[in-house]
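**Q** Contents of target.cif (mmCIF, C-alpha atoms) are below:
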data_my_file
#
loop_
_atom_site.label_atom_id
_atom_site.label_comp_id
_atom_site.auth_asym_id
_atom_site.auth_seq_id
_atom_site.Cartn_x
_atom_site.Cartn_y
_atom_site.Cartn_z
CA MET A 14 30.97 6.16 19.24
CA ARG A 15 28.11 4.73 17.27
CA PHE A 16 25.08 3.79 19.32
CA ASP A 17 23.26 0.51 18.63
CA PRO A 18 19.66 0.81 19.84
CA SER A 19 19.09 -2.95 19.54
CA THR A 20 21.66 -3.71 22.24
CA PHE A 21 21.83 -0.29 23.95
CA ARG A 22 25.60 -0.42 23.54
CA TRP A 23 28.14 2.01 22.15
CA GLU A 24 30.64 0.70 19.59
CA GLY A 25 33.93 -0.40 21.13
CA VAL A 26 32.69 0.00 24.71
CA GLU A 27 32.52 -3.12 26.84
CA PRO A 28 29.90 -3.14 29.60
CA ARG A 29 31.48 -3.90 32.96
CA ALA A 30 30.19 -4.63 36.42
CA TYR A 31 29.06 -1.51 38.26
CA LYS A 32 31.62 -2.10 41.05
CA ASP A 33 34.20 -4.76 41.85
CA ASP A 34 33.07 -4.72 45.46
CA PRO A 35 29.77 -6.52 46.04
CA GLY A 36 29.18 -4.08 48.92
CA SER A 37 29.32 -5.49 52.44
CA ALA A 38 28.91 -2.21 54.36
CA ARG A 39 25.38 -1.26 55.33
CA GLY A 40 23.38 -0.09 52.33
CA MET A 41 26.29 -0.62 49.93
CA ALA A 42 24.72 -3.72 48.37
CA TRP A 43 23.74 -3.54 44.72
CA ARG A 44 22.19 -5.86 42.17
CA GLY A 45 21.97 -6.07 38.39
CA VAL A 46 23.92 -2.91 37.54
CA SER A 47 26.24 -2.56 34.53
CA ARG A 48 28.50 0.32 33.56
CA GLN A 49 29.81 1.66 30.25
CA THR A 50 32.46 4.36 30.51
CA LEU A 51 31.97 6.48 27.39
CA VAL A 52 34.46 9.28 27.95
CA ARG A 53 37.35 10.09 30.28
CA ALA A 54 38.35 13.75 30.20
CA PRO A 55 38.55 16.32 33.04
CA PHE A 56 35.17 14.69 33.52
CA GLU A 57 33.95 11.17 32.75
CA LEU A 58 30.76 10.23 30.99
CA ARG A 59 29.48 6.79 31.94
CA TYR A 60 26.34 4.83 31.07
CA PHE A 61 24.79 2.76 33.82
CA GLU A 62 22.07 0.23 33.34
CA ILE A 63 20.10 -1.38 36.15
CA ALA A 64 18.21 -4.59 35.48
CA PRO A 65 14.55 -5.03 36.50
CA GLY A 66 14.56 -5.58 40.26
CA GLY A 67 18.04 -4.06 40.49
CA PHE A 68 19.41 -1.16 42.52
CA SER A 69 22.66 0.72 43.07
CA SER A 70 24.45 1.22 46.38
CA LEU A 71 23.05 3.69 48.89
CA GLU A 72 26.00 6.06 49.19
CA LYS A 73 27.30 9.62 49.53
CA HIS A 74 30.38 11.53 48.37
CA ALA A 75 31.72 15.04 47.93
CA HIS A 76 31.61 15.03 44.14
CA VAL A 77 28.56 16.02 42.14
CA GLN A 78 26.93 13.60 39.73
CA VAL A 79 24.81 14.73 36.80
CA VAL A 80 22.39 12.12 35.53
CA VAL A 81 20.38 12.07 32.31
CA ALA A 82 17.85 9.24 32.18
CA ALA A 83 18.04 7.37 28.87
CA ARG A 84 15.99 4.18 28.95
CA GLY A 85 13.14 2.67 30.97
CA ARG A 86 11.90 4.08 34.25
CA GLY A 87 13.76 4.66 37.50
CA ARG A 88 13.26 6.07 40.97
CA ALA A 89 15.92 7.66 43.11
CA LEU A 90 16.48 8.80 46.63
CA ILE A 91 18.59 11.96 46.39
CA GLY A 92 19.13 13.68 49.73
CA SER A 93 15.70 14.74 50.94
CA ASP A 94 13.93 13.93 47.66
CA VAL A 95 12.48 10.87 46.03
CA VAL A 96 12.25 11.37 42.26
CA ASP A 97 10.83 9.37 39.40
CA LEU A 98 12.86 9.41 36.21
CA ALA A 99 11.89 8.96 32.56
CA PRO A 100 14.14 9.28 29.50
CA MET A 101 15.85 12.69 29.17
CA ASP A 102 14.97 13.80 32.69
CA VAL A 103 18.02 15.41 34.31
CA VAL A 104 18.93 15.27 37.99
CA GLU A 105 21.99 16.28 40.00
CA THR A 106 23.19 14.66 43.22
CA PRO A 107 24.54 17.51 45.40
CA PRO A 108 27.70 17.04 47.47
CA TRP A 109 27.17 14.53 50.30
CA ALA A 110 23.53 13.86 49.43
CA PRO A 111 22.81 10.17 50.07
CA HIS A 112 21.51 8.61 46.86
CA ARG A 113 20.38 5.28 45.45
CA TRP A 114 18.90 4.41 42.02
CA VAL A 115 16.34 1.64 41.53
CA THR A 116 14.56 0.30 38.46
CA VAL A 117 10.80 0.70 38.23
CA GLY A 118 8.89 -1.87 36.17
CA ASP A 119 9.99 -4.71 33.95
CA ALA A 120 12.45 -2.92 31.63
CA PRO A 121 16.06 -1.98 32.38
CA PHE A 122 16.62 1.54 33.68
CA GLY A 123 19.54 3.20 31.88
CA PHE A 124 21.12 6.59 32.52
CA LEU A 125 24.11 8.69 31.52
CA CYS A 126 26.15 9.96 34.47
CA THR A 127 28.87 12.62 34.38
CA VAL A 128 31.41 13.11 37.19
CA GLU A 129 34.76 14.81 37.64
CA ALA A 130 37.63 12.53 36.63
CA GLU A 131 39.37 13.25 39.95
CA ARG A 132 36.87 12.51 42.70
CA ASP A 133 36.44 11.04 46.15
CA ARG A 134 35.26 7.51 46.86
CA PRO A 135 31.63 6.73 47.76
CA GLN A 136 30.92 6.12 51.43
CA PRO A 137 28.12 4.39 53.31
CA LEU A 138 25.71 6.49 55.33
CA SER A 139 26.28 7.46 58.96
CA ASP A 140 24.11 6.03 61.71
CA ALA A 141 22.24 9.33 61.96
CA GLU A 142 21.56 9.45 58.22
CA TRP A 143 20.38 5.86 58.28
CA GLU A 144 18.00 6.46 61.17
CA ALA A 145 16.61 9.56 59.46
CA LEU A 146 15.77 7.49 56.39
CA LEU A 147 14.01 4.84 58.44
CA GLY A 148 11.95 7.53 60.15
CA ASP A 149 10.50 8.83 56.88
CA PRO A 150 7.96 6.55 55.13
CA ARG A 151 8.90 7.93 51.69
CA LYS A 152 12.60 7.31 52.19
CA ALA A 153 12.54 4.14 54.29
CA PRO A 154 12.15 1.86 51.22
CA PHE A 155 15.64 2.97 50.11
CA ALA A 156 17.33 1.95 53.40
CA PHE A 157 18.37 -1.66 52.88
CA MET B 232 14.69 18.56 35.78
CA ARG B 233 11.66 17.03 34.20
CA PHE B 234 11.89 16.54 30.46
CA ASP B 235 8.89 17.36 28.25
CA PRO B 236 9.15 15.35 25.01
CA SER B 237 6.41 17.42 23.33
CA THR B 238 8.55 20.58 23.47
CA PHE B 239 12.01 19.01 23.94
CA ARG B 240 12.50 21.31 26.91
CA TRP B 241 13.58 20.74 30.50
CA GLU B 242 11.42 22.22 33.26
CA GLY B 243 12.63 25.63 34.43
CA VAL B 244 15.27 25.95 31.70
CA GLU B 245 14.84 28.76 29.22
CA PRO B 246 16.28 28.15 25.75
CA ARG B 247 18.66 30.92 24.75
CA ALA B 248 20.47 31.91 21.60
CA TYR B 249 23.55 29.78 20.94
CA LYS B 250 25.83 32.86 21.08
CA ASP B 251 25.34 36.60 21.54
CA ASP B 252 27.79 37.22 18.73
CA PRO B 253 26.32 36.56 15.27
CA GLY B 254 29.86 35.64 14.17
CA SER B 255 31.61 38.02 11.80
CA ALA B 256 35.01 36.25 11.66
CA ARG B 257 35.51 33.73 8.89
CA GLY B 258 33.53 30.57 9.49
CA MET B 259 32.10 31.85 12.76
CA ALA B 260 28.63 32.39 11.28
CA TRP B 261 25.80 30.27 12.65
CA ARG B 262 22.09 29.90 12.04
CA GLY B 263 19.10 28.47 13.88
CA VAL B 264 20.91 27.23 16.99
CA SER B 265 19.44 27.32 20.50
CA ARG B 266 21.05 26.42 23.81
CA GLN B 267 19.74 25.09 27.13
CA THR B 268 22.25 25.01 29.98
CA LEU B 269 21.15 22.09 32.15
CA VAL B 270 23.88 21.96 34.76
CA ARG B 271 26.80 24.09 35.92
CA ALA B 272 29.27 22.21 38.11
CA PRO B 273 33.04 21.67 37.65
CA PHE B 274 31.59 20.82 34.25
CA GLU B 275 28.53 22.14 32.44
CA LEU B 276 25.89 20.12 30.67
CA ARG B 277 24.13 22.00 27.90
CA TYR B 278 21.54 21.04 25.32
CA PHE B 279 21.93 22.51 21.85
CA GLU B 280 19.34 22.34 19.13
CA ILE B 281 19.96 23.25 15.52
CA ALA B 282 17.00 23.99 13.26
CA PRO B 283 16.65 22.37 9.83
CA GLY B 284 19.09 24.18 7.54
CA GLY B 285 21.02 25.42 10.57
CA PHE B 286 24.66 25.09 11.58
CA SER B 287 27.01 26.05 14.40
CA SER B 288 30.20 28.08 14.09
CA LEU B 289 33.29 26.48 12.60
CA GLU B 290 35.69 26.84 15.53
CA LYS B 291 38.48 25.37 17.64
CA HIS B 292 39.53 25.58 21.31
CA ALA B 293 41.72 23.87 23.88
CA HIS B 294 38.87 22.39 25.88
CA VAL B 295 37.31 19.03 25.10
CA GLN B 296 33.61 18.73 24.30
CA VAL B 297 31.66 15.52 24.78
CA VAL B 298 28.52 15.30 22.68
CA VAL B 299 25.62 12.84 22.95
CA ALA B 300 23.16 13.12 20.07
CA ALA B 301 19.59 13.26 21.32
CA ARG B 302 17.16 14.16 18.54
CA GLY B 303 17.05 14.16 14.75
CA ARG B 304 20.08 13.68 12.54
CA GLY B 305 23.29 15.67 12.34
CA ARG B 306 26.63 15.73 10.61
CA ALA B 307 29.86 17.11 11.99
CA LEU B 308 33.30 18.03 10.90
CA ILE B 309 35.61 17.13 13.80
CA GLY B 310 39.29 17.56 13.02
CA SER B 311 40.06 15.13 10.20
CA ASP B 312 36.71 13.33 10.39
CA VAL B 313 33.24 13.89 9.05
CA VAL B 314 30.70 11.98 11.17
CA ASP B 315 26.98 11.36 10.91
CA LEU B 316 25.11 11.41 14.18
CA ALA B 317 21.90 9.72 15.32
CA PRO B 318 20.35 9.75 18.81
CA MET B 319 22.63 8.38 21.55
CA ASP B 320 25.75 8.41 19.37
CA VAL B 321 28.67 9.84 21.36
CA VAL B 322 31.52 11.91 19.95
CA GLU B 323 34.36 13.90 21.50
CA THR B 324 36.01 16.98 20.00
CA PRO B 325 39.73 16.72 20.87
CA PRO B 326 41.71 19.82 21.91
CA TRP B 327 42.09 22.24 19.00
CA ALA B 328 40.19 20.08 16.53
CA PRO B 329 38.17 22.38 14.24
CA HIS B 330 34.51 21.42 14.44
CA ARG B 331 31.11 22.42 13.11
CA TRP B 332 27.69 20.80 13.57
CA VAL B 333 24.99 20.88 10.90
CA THR B 334 21.46 19.51 10.76
CA VAL B 335 20.66 16.78 8.25
CA GLY B 336 17.07 16.54 7.00
CA ASP B 337 13.89 18.33 7.95
CA ALA B 338 13.86 17.78 11.73
CA PRO B 339 15.84 19.70 14.36
CA PHE B 340 19.14 18.13 15.40
CA GLY B 341 19.55 18.19 19.19
CA PHE B 342 22.51 17.11 21.30
CA LEU B 343 23.78 17.18 24.87
CA CYS B 344 27.24 18.72 25.24
CA THR B 345 29.48 18.58 28.32
CA VAL B 346 32.44 20.93 28.83
CA GLU B 347 34.64 22.05 31.72
CA ALA B 348 33.11 25.02 33.54
CA GLU B 349 36.42 26.90 33.27
CA ARG B 350 37.42 26.87 29.61
CA ASP B 351 38.98 28.90 26.84
CA ARG B 352 37.01 30.82 24.23
CA PRO B 353 36.35 29.40 20.75
CA GLN B 354 38.54 30.75 17.95
CA PRO B 355 38.19 30.86 14.18
CA LEU B 356 40.45 28.68 12.08
CA SER B 357 43.89 29.78 10.86
CA ASP B 358 44.53 30.42 7.18
CA ALA B 359 46.36 27.09 6.90
CA GLU B 360 43.49 25.19 8.51
CA TRP B 361 40.99 26.90 6.24
CA GLU B 362 42.97 26.08 3.10
CA ALA B 363 43.32 22.47 4.19
CA LEU B 364 39.55 22.18 4.48
CA LEU B 365 39.00 23.66 1.04
CA GLY B 366 41.48 21.18 -0.42
CA ASP B 367 39.53 18.15 0.80
CA PRO B 368 36.21 17.45 -0.96
CA ARG B 369 34.74 15.79 2.15
CA LYS B 370 35.57 18.72 4.39
CA ALA B 371 35.13 21.63 1.98
CA PRO B 372 31.33 21.76 2.52
CA PHE B 373 32.02 22.78 6.14
CA ALA B 374 34.20 25.78 5.18
CA PHE B 375 31.79 28.67 4.86
#
Go ahead and render the structure in this file as structure tokens.
**A**
Amino acid sequence: MRFDPSTFRWEGVEPRAYKDDPGSARGMAWRGVSRQTLVRAPFELRYFEIAPGGFSSLEKHAHVQVVVAARGRGRALIGSDVVDLAPMDVVETPPWAPHRWVTVGDAPFGFLCTVEAERDRPQPLSDAEWEALLGDPRKAPFAF
Amino acid sequence: MRFDPSTFRWEGVEPRAYKDDPGSARGMAWRGVSRQTLVRAPFELRYFEIAPGGFSSLEKHAHVQVVVAARGRGRALIGSDVVDLAPMDVVETPPWAPHRWVTVGDAPFGFLCTVEAERDRPQPLSDAEWEALLGDPRKAPFAF
């Protein structure tokens, strides 16, 4: 698939909304996130892009995600860590680690994300996980 | 894993030789190829870099590879296609498609490559496959 740097699109791939569900459960809200599914195999390779001011759901699941930052700047809560991401940085979300991606600055934050094709559905955080986030000044900004 | 653009390395990842075997079977030779394994999960994410004048083995296998070009320019034989690759272009090698990657120009060609963690070993081409390559002027340059 040919990549067009002027649009940050791959040929023949239509960007879609990140999720059909706008996210009514606690923390499952999201804003300004698009998705391009590049490959479906035993694993899937997707490209996500989050607009300035945007964020993904705060969620957890059993499956591992491998993320390669591609464009702009992002910040993520991943389990007990808060990480800043620049293009080509690689990060893995371990099983059941709560995670949320947000854009930093005025440019879109784009990243490649690989997951198993057969995988469980994302879930909102438990009450205990939510309270733990609120009790930590570094993590509290991700609990909304 | 933090990416360092000055070295094209990820923090804590040691580049290794592409293969231990220098490749004595027909077409299995390679030159100037390094490998960085970024993630091992149900799938593995690796970074390969091929020096100017370098090339990977000409091989086939049952498992699918998903490649995202990251640096420099490359060209690949993939089954019946010859494709030119620039950063962020995506290409998949279908099951049993013979494939070989070569660098184009004076800069290293680097690409991310995802495969299943459990996978079969690469094999050289059959006599019939080799002859078919030699009979096609576009593909013949890859048969060495």
**Q** Set the distance at 6 Å and use all atoms listed in the file: which residues neighbour stretch 270-277 of chain B once local chain neighbours fewer than 2 positions away are removed? I'd like the list as number ranges by chain.
**A** B: 267-268, 343-348
**Q** Which of these residues is nearest to chain A, using only C-alpha atoms: B:Glu280, B:Asp252, B:Glu323, B:Glu290?
**A**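 Among B:Glu280, B:Asp252, B:Glu323, B:Glu290, it is B:Glu323 that comes nearest to chain A.
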**Q** Would you tabulate, counting only C-alpha atoms, all residues of chain A that have an atom at most 12 Å from an atom of chain B, showing the closest pair of atoms and their distance in Å to one decimal, sorted by chain then ascending number, as a tab-separated table?
**A**
residue	atom	partner	partner_atom	distance
A:Met14	CA	B:Val321	CA	4.8
A:Arg15	CA	B:Asp320	CA	4.8
A:Phe16	CA	B:Asp320	CA	4.7
A:Asp17	CA	B:Asp320	CA	8.3
A:Pro18	CA	B:Met319	CA	8.3
A:Phe21	CA	B:Met319	CA	9.0
A:Arg22	CA	B:Met319	CA	9.5
A:Trp23	CA	B:Asp320	CA	7.4
A:Glu24	CA	B:Asp320	CA	9.1
A:Gly25	CA	B:Val321	CA	11.5
A:Val26	CA	B:Val321	CA	11.1
A:Thr50	CA	B:Val321	CA	11.3
A:Leu51	CA	B:Val321	CA	7.7
A:Val52	CA	B:Val297	CA	7.5
A:Arg53	CA	B:Val297	CA	9.6
A:Ala54	CA	B:Val295	CA	7.4
A:Pro55	CA	B:Glu347	CA	7.1
A:Phe56	CA	B:Phe274	CA	7.1
A:Glu57	CA	B:Val297	CA	9.4
A:Leu58	CA	B:Val297	CA	8.2
A:Arg59	CA	B:Val321	CA	11.0
A:Tyr60	CA	B:Met319	CA	10.8
A:His76	CA	B:Pro273	CA	9.4
A:Val77	CA	B:Ala272	CA	7.4
A:Gln78	CA	B:Ala272	CA	9.1
A:Val79	CA	B:Val270	CA	7.6
A:Val80	CA	B:Val270	CA	10.0
A:Val81	CA	B:Met232	CA	9.3
A:Ala82	CA	B:Phe234	CA	9.6
A:Ala83	CA	B:Met319	CA	8.7
A:Arg84	CA	B:Met319	CA	10.8
A:Val96	CA	B:Arg233	CA	9.9
A:Asp97	CA	B:Arg233	CA	9.3
A:Leu98	CA	B:Arg233	CA	8.0
A:Ala99	CA	B:Phe234	CA	7.9
A:Pro100	CA	B:Phe234	CA	7.7
A:Met101	CA	B:Phe234	CA	5.7
A:Asp102	CA	B:Phe234	CA	4.7
A:Val103	CA	B:Met232	CA	4.8
A:Val104	CA	B:Met232	CA	5.8
A:Glu105	CA	B:Val270	CA	8.0
A:Thr106	CA	B:Ala272	CA	11.0
A:Pro107	CA	B:Ala272	CA	9.9
A:Pro108	CA	B:Ala272	CA	10.8
A:Gly123	CA	B:Met319	CA	12.0
A:Phe124	CA	B:Met319	CA	11.2
A:Leu125	CA	B:Val299	CA	9.6
A:Cys126	CA	B:Leu276	CA	10.9
A:Thr127	CA	B:Thr345	CA	8.5
A:Val128	CA	B:Phe274	CA	8.3
A:Glu129	CA	B:Pro273	CA	7.1
A:Ala130	CA	B:Pro273	CA	10.3
A:Glu131	CA	B:Pro273	CA	10.8
A:Arg132	CA	B:Pro273	CA	11.1
**Q** Hey, could you lay chain B over chain A with a least-squares C-alpha fit (all atoms, paired in order) and save it as a short mmCIF file (atom, residue, chain, number, x, y, z; two decimals) with C-alpha atoms, in the frame of the given file?
**A**
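What follows is the written file superposed08.cif:
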data_model
loop_
_atom_site.label_atom_id
_atom_site.label_comp_id
_atom_site.auth_asym_id
_atom_site.auth_seq_id
_atom_site.Cartn_x
_atom_site.Cartn_y
_atom_site.Cartn_z
CA MET B 232 30.96 6.19 19.26
CA ARG B 233 28.12 4.73 17.30
CA PHE B 234 25.09 3.79 19.35
CA ASP B 235 23.27 0.51 18.66
CA PRO B 236 19.67 0.80 19.88
CA SER B 237 19.09 -2.96 19.56
CA THR B 238 21.67 -3.71 22.26
CA PHE B 239 21.84 -0.29 23.98
CA ARG B 240 25.60 -0.42 23.57
CA TRP B 241 28.16 2.01 22.18
CA GLU B 242 30.63 0.70 19.61
CA GLY B 243 33.93 -0.42 21.15
CA VAL B 244 32.72 -0.01 24.74
CA GLU B 245 32.54 -3.13 26.85
CA PRO B 246 29.92 -3.13 29.61
CA ARG B 247 31.47 -3.89 32.98
CA ALA B 248 30.17 -4.62 36.44
CA TYR B 249 29.06 -1.49 38.28
CA LYS B 250 31.63 -2.10 41.06
CA ASP B 251 34.21 -4.77 41.86
CA ASP B 252 33.08 -4.72 45.47
CA PRO B 253 29.76 -6.51 46.04
CA GLY B 254 29.18 -4.08 48.93
CA SER B 255 29.33 -5.50 52.44
CA ALA B 256 28.90 -2.21 54.37
CA ARG B 257 25.37 -1.24 55.32
CA GLY B 258 23.37 -0.11 52.32
CA MET B 259 26.27 -0.63 49.94
CA ALA B 260 24.71 -3.74 48.38
CA TRP B 261 23.74 -3.56 44.72
CA ARG B 262 22.19 -5.87 42.16
CA GLY B 263 21.96 -6.08 38.38
CA VAL B 264 23.91 -2.92 37.54
CA SER B 265 26.23 -2.57 34.54
CA ARG B 266 28.50 0.31 33.57
CA GLN B 267 29.82 1.65 30.26
CA THR B 268 32.46 4.36 30.52
CA LEU B 269 31.98 6.48 27.40
CA VAL B 270 34.47 9.27 27.93
CA ARG B 271 37.35 10.10 30.27
CA ALA B 272 38.36 13.76 30.18
CA PRO B 273 38.56 16.32 33.03
CA PHE B 274 35.16 14.69 33.51
CA GLU B 275 33.94 11.19 32.74
CA LEU B 276 30.74 10.23 30.99
CA ARG B 277 29.46 6.80 31.92
CA TYR B 278 26.35 4.84 31.06
CA PHE B 279 24.79 2.77 33.83
CA GLU B 280 22.06 0.23 33.34
CA ILE B 281 20.10 -1.37 36.14
CA ALA B 282 18.20 -4.59 35.47
CA PRO B 283 14.55 -5.01 36.49
CA GLY B 284 14.56 -5.58 40.26
CA GLY B 285 18.03 -4.06 40.48
CA PHE B 286 19.42 -1.16 42.50
CA SER B 287 22.66 0.73 43.05
CA SER B 288 24.45 1.24 46.36
CA LEU B 289 23.05 3.70 48.88
CA GLU B 290 26.01 6.08 49.18
CA LYS B 291 27.29 9.63 49.53
CA HIS B 292 30.39 11.54 48.36
CA ALA B 293 31.73 15.05 47.92
CA HIS B 294 31.63 15.03 44.14
CA VAL B 295 28.57 16.03 42.14
CA GLN B 296 26.93 13.61 39.72
CA VAL B 297 24.82 14.74 36.79
CA VAL B 298 22.39 12.12 35.54
CA VAL B 299 20.37 12.07 32.30
CA ALA B 300 17.84 9.25 32.17
CA ALA B 301 18.03 7.38 28.88
CA ARG B 302 15.97 4.19 28.95
CA GLY B 303 13.13 2.68 30.97
CA ARG B 304 11.89 4.07 34.26
CA GLY B 305 13.74 4.66 37.50
CA ARG B 306 13.27 6.06 40.96
CA ALA B 307 15.91 7.68 43.12
CA LEU B 308 16.48 8.80 46.63
CA ILE B 309 18.60 11.96 46.40
CA GLY B 310 19.14 13.69 49.73
CA SER B 311 15.70 14.75 50.94
CA ASP B 312 13.93 13.94 47.66
CA VAL B 313 12.49 10.87 46.04
CA VAL B 314 12.27 11.38 42.26
CA ASP B 315 10.82 9.36 39.40
CA LEU B 316 12.85 9.40 36.23
CA ALA B 317 11.89 8.96 32.57
CA PRO B 318 14.14 9.29 29.51
CA MET B 319 15.84 12.69 29.17
CA ASP B 320 14.96 13.81 32.70
CA VAL B 321 18.01 15.42 34.31
CA VAL B 322 18.93 15.27 37.99
CA GLU B 323 21.99 16.30 39.99
CA THR B 324 23.20 14.67 43.21
CA PRO B 325 24.54 17.51 45.40
CA PRO B 326 27.72 17.05 47.47
CA TRP B 327 27.17 14.54 50.27
CA ALA B 328 23.54 13.87 49.41
CA PRO B 329 22.82 10.17 50.04
CA HIS B 330 21.52 8.60 46.85
CA ARG B 331 20.37 5.28 45.44
CA TRP B 332 18.90 4.41 42.03
CA VAL B 333 16.34 1.64 41.53
CA THR B 334 14.56 0.30 38.47
CA VAL B 335 10.79 0.70 38.23
CA GLY B 336 8.88 -1.86 36.16
CA ASP B 337 9.98 -4.72 33.95
CA ALA B 338 12.43 -2.93 31.64
CA PRO B 339 16.05 -1.99 32.38
CA PHE B 340 16.60 1.55 33.66
CA GLY B 341 19.54 3.20 31.89
CA PHE B 342 21.11 6.59 32.52
CA LEU B 343 24.10 8.70 31.52
CA CYS B 344 26.15 9.97 34.46
CA THR B 345 28.86 12.64 34.37
CA VAL B 346 31.41 13.10 37.18
CA GLU B 347 34.76 14.82 37.64
CA ALA B 348 37.63 12.53 36.62
CA GLU B 349 39.38 13.23 39.94
CA ARG B 350 36.88 12.49 42.69
CA ASP B 351 36.46 11.04 46.15
CA ARG B 352 35.27 7.51 46.86
CA PRO B 353 31.64 6.73 47.75
CA GLN B 354 30.92 6.13 51.43
CA PRO B 355 28.11 4.40 53.30
CA LEU B 356 25.71 6.51 55.31
CA SER B 357 26.29 7.46 58.96
CA ASP B 358 24.11 6.03 61.71
CA ALA B 359 22.23 9.33 61.96
CA GLU B 360 21.57 9.43 58.22
CA TRP B 361 20.38 5.84 58.27
CA GLU B 362 17.99 6.45 61.16
CA ALA B 363 16.61 9.53 59.46
CA LEU B 364 15.77 7.47 56.39
CA LEU B 365 14.02 4.82 58.44
CA GLY B 366 11.95 7.50 60.15
CA ASP B 367 10.50 8.80 56.88
CA PRO B 368 7.98 6.52 55.12
CA ARG B 369 8.91 7.91 51.68
CA LYS B 370 12.61 7.29 52.17
CA ALA B 371 12.55 4.12 54.28
CA PRO B 372 12.15 1.85 51.20
CA PHE B 373 15.64 2.96 50.10
CA ALA B 374 17.31 1.93 53.39
CA PHE B 375 18.34 -1.67 52.87
#
**Q** Given the PyMOL selection byres ((chain A and resi 33) around 12) and the file above, list the residues it selects as a list of chain:residue names.
**A**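 So the PyMOL selection byres ((chain A and resi 33) around 12) ends up selecting A:Arg29, A:Ala30, A:Tyr31, A:Lys32, A:Asp34, A:Pro35, A:Gly36, A:Ser37, A:Ala42, A:Trp43, A:Val46, A:Ser47, A:Arg48.
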**Q** Could you save those same residues with C-alpha atoms as a compact mmCIF listing (two decimals), in the frame of the given file?
**A**
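Dumped to result_13.txt:
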# COMPACT_ATOMS: atom_id res chain seq x y z
CA ARG A 29 31.48 -3.90 32.96
CA ALA A 30 30.19 -4.63 36.42
CA TYR A 31 29.06 -1.51 38.26
CA LYS A 32 31.62 -2.10 41.05
CA ASP A 34 33.07 -4.72 45.46
CA PRO A 35 29.77 -6.52 46.04
CA GLY A 36 29.18 -4.08 48.92
CA SER A 37 29.32 -5.49 52.44
CA ALA A 42 24.72 -3.72 48.37
CA TRP A 43 23.74 -3.54 44.72
CA VAL A 46 23.92 -2.91 37.54
CA SER A 47 26.24 -2.56 34.53
CA ARG A 48 28.50 0.32 33.56
**Q** If you measure from atom CA of A:Gly45 to atom CA of A:Gly66, what distance in Å do you get, rounded to one decimal?
**A**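 Going from atom CA of A:Gly45 over to atom CA of A:Gly66, I get 7.7 Å.
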**Q** Please, what distance in Å, to one decimal, runs between atom CA of B:Arg352 and atom CA of B:Phe279?
**A**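 About the pair atom CA of B:Arg352 and atom CA of B:Phe279: they are 17.4 Å apart.
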**Q** Please, what distance in Å, to one decimal, runs between atom CA of B:Asp337 and atom CA of B:Gly285?
**A**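 Straight-line distance from atom CA of B:Asp337 to atom CA of B:Gly285 works out to 10.4 Å.
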**Q** Please write as an NGL selection string the full residue list that the PyMOL selection byres ((chain A and resi 120) around 7) yields on this file.
**A** :A and (65 or 85 or 118-119 or 121-122)
**Q** Starting from the PyMOL selection byres ((chain A and resi 154) around 12), expand the selection into actual residues of this file and give them as a list in words.
**A**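 For this structure, the PyMOL selection byres ((chain A and resi 154) around 12) captures Gly40, Phe68, Leu71, Arg88, Ala89, Leu90, Val95, Arg113, Trp114, Val115, Trp143, Leu146, Leu147, Gly148, Asp149, Pro150, Arg151, Lys152, Ala153, Phe155, Ala156 and Phe157 of chain A.
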**Q** Write to file, as a PDB file, in the frame of the given file, the residues of the selection just made, with C-alpha atoms.
**A**
ATOM      1  CA  GLY A  40      23.380  -0.090  52.330  1.00  0.00           C
ATOM      2  CA  PHE A  68      19.410  -1.160  42.520  1.00  0.00           C
ATOM      3  CA  LEU A  71      23.050   3.690  48.890  1.00  0.00           C
ATOM      4  CA  ARG A  88      13.260   6.070  40.970  1.00  0.00           C
ATOM      5  CA  ALA A  89      15.920   7.660  43.110  1.00  0.00           C
ATOM      6  CA  LEU A  90      16.480   8.800  46.630  1.00  0.00           C
ATOM      7  CA  VAL A  95      12.480  10.870  46.030  1.00  0.00           C
ATOM      8  CA  ARG A 113      20.380   5.280  45.450  1.00  0.00           C
ATOM      9  CA  TRP A 114      18.900   4.410  42.020  1.00  0.00           C
ATOM     10  CA  VAL A 115      16.340   1.640  41.530  1.00  0.00           C
ATOM     11  CA  TRP A 143      20.380   5.860  58.280  1.00  0.00           C
ATOM     12  CA  LEU A 146      15.770   7.490  56.390  1.00  0.00           C
ATOM     13  CA  LEU A 147      14.010   4.840  58.440  1.00  0.00           C
ATOM     14  CA  GLY A 148      11.950   7.530  60.150  1.00  0.00           C
ATOM     15  CA  ASP A 149      10.500   8.830  56.880  1.00  0.00           C
ATOM     16  CA  PRO A 150       7.960   6.550  55.130  1.00  0.00           C
ATOM     17  CA  ARG A 151       8.900   7.930  51.690  1.00  0.00           C
ATOM     18  CA  LYS A 152      12.600   7.310  52.190  1.00  0.00           C
ATOM     19  CA  ALA A 153      12.540   4.140  54.290  1.00  0.00           C
ATOM     20  CA  PHE A 155      15.640   2.970  50.110  1.00  0.00           C
ATOM     21  CA  ALA A 156      17.330   1.950  53.400  1.00  0.00           C
ATOM     22  CA  PHE A 157      18.370  -1.660  52.880  1.00  0.00           C
TER      23      PHE A 157
END
**Q** Counting only C-alpha atoms, what is within 10 Å of B:Leu356, bar same-chain residues fewer than 6 positions away, as a JSON list (two decimals) with C-alpha atoms, keeping the file's coordinate frame?
**A**
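Generated output (selection-v8.json):
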[["chain", "number", "residue", "atom", "x", "y", "z"],
["B", 256, "ALA", "CA", 35.01, 36.25, 11.66],
["B", 257, "ARG", "CA", 35.51, 33.73, 8.89],
["B", 258, "GLY", "CA", 33.53, 30.57, 9.49],
["B", 259, "MET", "CA", 32.10, 31.85, 12.76],
["B", 289, "LEU", "CA", 33.29, 26.48, 12.60],
["B", 290, "GLU", "CA", 35.69, 26.84, 15.53],
["B", 291, "LYS", "CA", 38.48, 25.37, 17.64],
["B", 292, "HIS", "CA", 39.53, 25.58, 21.31],
["B", 327, "TRP", "CA", 42.09, 22.24, 19.00],
["B", 328, "ALA", "CA", 40.19, 20.08, 16.53],
["B", 329, "PRO", "CA", 38.17, 22.38, 14.24],
["B", 330, "HIS", "CA", 34.51, 21.42, 14.44],
["B", 362, "GLU", "CA", 42.97, 26.08, 3.10],
["B", 374, "ALA", "CA", 34.20, 25.78, 5.18]]
